[in-house]
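Trainee: Handing you this structure, nothing more for now.
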Number of protein chains: 2
Amino acid sequence: MTDTGSSPSLVLLSGGMDSTTCLWWVRANTQGPVHSVSIDYGQRHRVELEFAQQLSTLAGVATHRQIQVDLRSIGGSPLTDPDLAVPAAVEDRQTATVVPFRNLLFVTLAAGVAEVEDVHDLYIAPVRDDQAAYRDCRREFYDSLESTLGLGATKEADFRIHTPLVEYSKKRVVQLGLELGVPYELTHTCYEGRRPACGVCDACSERLAAFAAHDVDDPIDYEEQAAR
Amino acid sequence: MTDTGSSPSLVLLSGGMDSTTCLWWVRANTQGPVHSVSIDYGQRHRVELEFAQQLSTLAGVATHRQIQVDLRSIGGSPLTDPDLAVPAAVEDRQTATVVPFRNLLFVTLAAGVAEVEDVHDLYIAPVRDDQAAYRDCRREFYDSLESTLGLGATKEADFRIHTPLVEYSKKRVVQLGLELGVPYELTHTCYEGRRPACGVCDACSERLAAFAAHDVDDPIDYEEQAAR
């Protein structure tokens, strides 16, 4: 595992399982201060932002910022457009929930914070299961973005974009998180933004499957659970 | 000059001199529909957004979008932080008005629109004079960003980021714009956001010098004009 010594880190925290596990991983594997950034992009499941705030406090971060960007004016995604339905778990389901260049946008905003806070190690938590539908979850995308950040920074500087979970399945993420003591009861996953979670959307289905694989009860409440 | 035939284009339009000249250049040099995108990033000179809207209508664009992102939560720039003073025209003045990764952010948001509108030719208007202070105005930055966009797009696709004015001085931009009939009376430059313009901030000073070099009167009104 990478050890960045006492240099500060910045974690993109959605309040979901993957990024929260990443935050706890950074706490366990680095010694410097940790900053967290959450993005309010008009997501339907914006309740996750409140959890990101609570999780940041619990993790003892140096700073937590919530940055607002209104992607509704771009349009085209059911995650930000209230007139489009979120697809249930079906074949090829993830493509319909793509927000164009979402991770590029998130890293860009985080890099802005990194410049202000003088941080050069950014962490984002794409996982293996996302790579088929989301091309911006692939490591080669982040390699290219690292170069772009270095060229576009205010002063010449290297930025490292760490993706510690990029080869992890959702199941393995949960395993790591359970070992690290991640408070999964404070994480939010449901794309519908419901608490209790809907239990049937794509995101809920994946989460439930990951816990079920470990014979561990997911600590959050569900309205119902899709038959599997 | 590049001719992209009848394929659609997207122009990042701030409502300032450079991007407006770029929009008129695209109208003159391409045949396809033109989309424009403006970013409301909490800038002090947000009056430019109203001009961008008017200019888009006048240019007959296919669509104009204004995307809102609140950079005030990132902090650190007098352009977005009302508690920091905008520097007057002095040596090394531009570095103090840097918004970290502003152009990366703008292109990222524009690329999101480009995906939704199925556009692959993006235009942004950095000019030569900006390159000393703003590293994200250099062509090599856009070359890298083109690769990053290609890797991060929802579907495998090439994005071209055109920077037709990247080797132009401000003076030459004005010359081109006068030839193209750019309605400079509808462009906004003053970083203080004033109409009449303040005439003394860095941005106003550069604009006045560019017009003066052509012995042409700038058609907008000024409160005062710095001695030169």
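By convention here, the chains of the structure tokens are called A, B, ... in the order presented, each chain's residues are numbered starting at 1, and ligands are numbered starting at 1 in the order presented.
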Please identify all residues of chain A having at least one atom at most 8 Å from any atom of chain B, considering only C-alpha atoms, and return them as a compact mmCIF listing (two decimals) with C-alpha atoms, in the first residue's frame.
Mentor:
# COMPACT_ATOMS: atom_id res chain seq x y z
CA ARG A 65 -16.18 21.49 1.82
CA GLN A 66 -19.40 21.08 -0.10
CA ILE A 67 -19.19 22.57 -3.58
CA GLN A 68 -22.34 23.31 -5.52
CA VAL A 69 -22.61 22.87 -9.29
CA ASP A 70 -25.91 22.78 -11.10
CA LEU A 71 -25.74 20.03 -13.72
CA SER A 73 -28.79 22.89 -16.92
CA ILE A 74 -26.72 20.33 -18.85
CA GLY A 75 -29.52 17.78 -18.73
CA GLY A 76 -29.67 14.24 -20.03
CA VAL A 98 -24.27 8.38 -16.49
CA VAL A 99 -23.71 12.06 -15.78
CA PRO A 100 -21.29 13.15 -18.54
CA PHE A 101 -17.75 13.68 -17.23
CA LEU A 104 -13.61 14.72 -14.30
CA LEU A 105 -15.75 17.46 -12.83
CA THR A 108 -11.34 19.27 -11.10
CA LEU A 109 -13.26 20.87 -8.24
CA ALA A 111 -8.03 19.97 -7.41
CA GLY A 112 -9.11 23.58 -6.95
CA VAL A 113 -9.42 22.93 -3.22
CA GLU A 115 -4.39 24.16 -4.70
CA VAL A 116 -5.87 26.40 -2.03
CA ALA A 133 -20.41 1.43 -17.75
CA TYR A 134 -18.34 4.37 -16.58
CA ARG A 135 -15.22 4.96 -18.65
CA ASP A 136 -14.15 7.68 -16.18
CA CYS A 137 -13.74 4.96 -13.55
CA GLU A 140 -5.98 5.13 -17.58
CA PHE A 141 -8.38 8.04 -17.38
CA SER A 144 -4.19 11.17 -18.22
CA LEU A 145 -5.95 13.52 -15.82
CA SER A 147 -0.89 15.01 -16.54
CA THR A 148 -3.63 17.49 -17.35
CA LEU A 149 -3.71 18.74 -13.75
CA LEU A 151 -0.11 21.24 -16.90
CA GLY A 152 -3.07 23.33 -15.77
CA ALA A 153 -2.08 24.06 -12.19
CA THR A 154 -1.39 27.65 -11.20
CA LYS A 155 2.20 26.76 -10.49
Trainee: Taking only C-alpha atoms into account, name the residue in A:Glu224, A:Gln53, A:Ala28, A:Val173 that is nearest to Cys201 (chain A).
Mentor: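 The shortest atom-to-atom distance to Cys201 (chain A) comes from A:Glu224.
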Trainee: Name all residues at most 10 Å from Pro33 (chain A) (count only C-alpha atoms; drop same-chain ones fewer than 3 positions away) and give them as number ranges by chain.
Mentor: A: 6-10, 26-27, 30, 60-63, 119
Trainee: Deliver the residues from the most recent selection as a file, using C-alpha atoms, as a short mmCIF file (atom, residue, chain, number, x, y, z; two decimals), in the first residue's frame.
Mentor:
data_model
loop_
_atom_site.label_atom_id
_atom_site.label_comp_id
_atom_site.auth_asym_id
_atom_site.auth_seq_id
_atom_site.Cartn_x
_atom_site.Cartn_y
_atom_site.Cartn_z
CA SER A 6 2.93 13.12 6.64
CA SER A 7 1.83 14.96 3.50
CA PRO A 8 -1.81 16.06 3.47
CA SER A 9 -4.48 14.23 1.50
CA LEU A 10 -7.79 15.16 -0.04
CA VAL A 26 -6.65 7.04 3.89
CA ARG A 27 -6.95 7.59 7.63
CA THR A 30 -1.44 8.08 5.76
CA GLY A 60 -11.75 13.99 12.09
CA VAL A 61 -10.93 15.68 8.79
CA ALA A 62 -8.99 18.96 8.73
CA THR A 63 -11.56 20.63 6.44
CA VAL A 119 -2.42 19.32 -1.13
#
Trainee: Looking at only C-alpha atoms, which of B:Asp130, B:Thr57, B:Tyr184, B:Gly42 is the one that sits closest to Thr20 (chain B)?
Mentor: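 Closest to Thr20 (chain B) of all the choices is B:Tyr184.
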Trainee: Neighbours of Leu208 (chain B) within 10 Å (only C-alpha atoms; same-chain residues fewer than 6 positions away dropped), as an MDAnalysis selection string?
Mentor: chainID B and resid 171 199:200 216:218 222 225:226 228
Trainee: As a ChimeraX atom specification, which residues of region 16-217 of chain B does DSSP assign to helix (DSSP H, G or I)?
Mentor: /B:17-29,47-59,71-73,93-97,102-117,128-130,135-137,139-152,170-180,184-186,202-212
Trainee: I want to know what sits within 12 Å of Gly181 (chain B), based on only C-alpha atoms, with residues of the same chain fewer than 2 positions away left out; could you give that as a ChimeraX atom specification?
Mentor: /B:20-25,27-28,58-59,174-179,183-186
Trainee: Using only C-alpha atoms, which of A:Leu49, A:Val166, A:Leu13, A:Ile161 sits nearest His35 (chain A)?
Mentor: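 Nearest to His35 (chain A): A:Leu13.
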Trainee: Could you pull out the residues in region 54-212 of chain B that DSSP calls strand (DSSP E) from the backbone, as a list in words?
Mentor: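 Here are the strand (DSSP E) residues of region 54-212 of chain B: Thr63, His64, Arg65, Gln66, Ile67, Gln68, Asp121, Leu122, Tyr123, Arg160, Ile161 and His162 of chain B.
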Trainee: Any chance you can output those residues with N, CA and C atoms as a compact mmCIF listing (two decimals), in the first residue's frame?
Mentor:
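Dumped to part.txt:
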# COMPACT_ATOMS: atom_id res chain seq x y z
N THR B 63 -28.19 26.60 -29.25
CA THR B 63 -28.58 26.59 -27.83
C THR B 63 -27.57 27.43 -27.05
N HIS B 64 -28.06 28.07 -25.99
CA HIS B 64 -27.16 28.75 -25.05
C HIS B 64 -27.50 28.26 -23.66
N ARG B 65 -26.49 27.82 -22.93
CA ARG B 65 -26.72 27.37 -21.55
C ARG B 65 -25.86 28.18 -20.60
N GLN B 66 -26.41 28.41 -19.43
CA GLN B 66 -25.63 29.03 -18.35
C GLN B 66 -25.57 28.00 -17.22
N ILE B 67 -24.36 27.60 -16.88
CA ILE B 67 -24.19 26.57 -15.86
C ILE B 67 -23.62 27.21 -14.60
N GLN B 68 -24.24 26.87 -13.48
CA GLN B 68 -23.86 27.51 -12.23
C GLN B 68 -22.97 26.60 -11.39
N ASP B 121 -16.52 19.28 -31.32
CA ASP B 121 -15.58 20.38 -31.54
C ASP B 121 -15.88 21.50 -30.55
N LEU B 122 -14.98 21.64 -29.59
CA LEU B 122 -15.14 22.65 -28.55
C LEU B 122 -14.19 23.80 -28.82
N TYR B 123 -14.64 25.00 -28.58
CA TYR B 123 -13.81 26.18 -28.78
C TYR B 123 -13.69 26.97 -27.49
N ARG B 160 -12.21 17.45 -29.84
CA ARG B 160 -11.19 18.40 -30.26
C ARG B 160 -11.44 19.71 -29.53
N ILE B 161 -10.40 20.20 -28.90
CA ILE B 161 -10.50 21.50 -28.23
C ILE B 161 -9.74 22.51 -29.08
N HIS B 162 -10.47 23.36 -29.75
CA HIS B 162 -9.86 24.35 -30.63
C HIS B 162 -9.57 25.64 -29.85
Trainee: Please compute the CA of Arg195 (chain A)-CA of Phe211 (chain A) distance, one decimal, in Å.
Mentor: 17.8 Å
Trainee: Between CA of Thr187 (chain A) and CA of Gln31 (chain A), what is the distance in Å, rounded to a tenth?
Mentor: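 Answer for the CA of Thr187 (chain A) to CA of Gln31 (chain A) separation: 23.9 Å.
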Trainee: Can you work out which one of A:Lys170, A:Asp202, A:Ile39, A:Asp118 has the shortest atom-to-atom distance to Ala157 (chain A), counting only C-alpha atoms?
Mentor: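 Among the listed residues, A:Asp118 lies closest to Ala157 (chain A).
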Trainee: Between CA of Thr163 (chain B) and CA of Gln131 (chain B), what is the spacing in Å?
Mentor: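 Those two atoms sit 12.7 Å apart.
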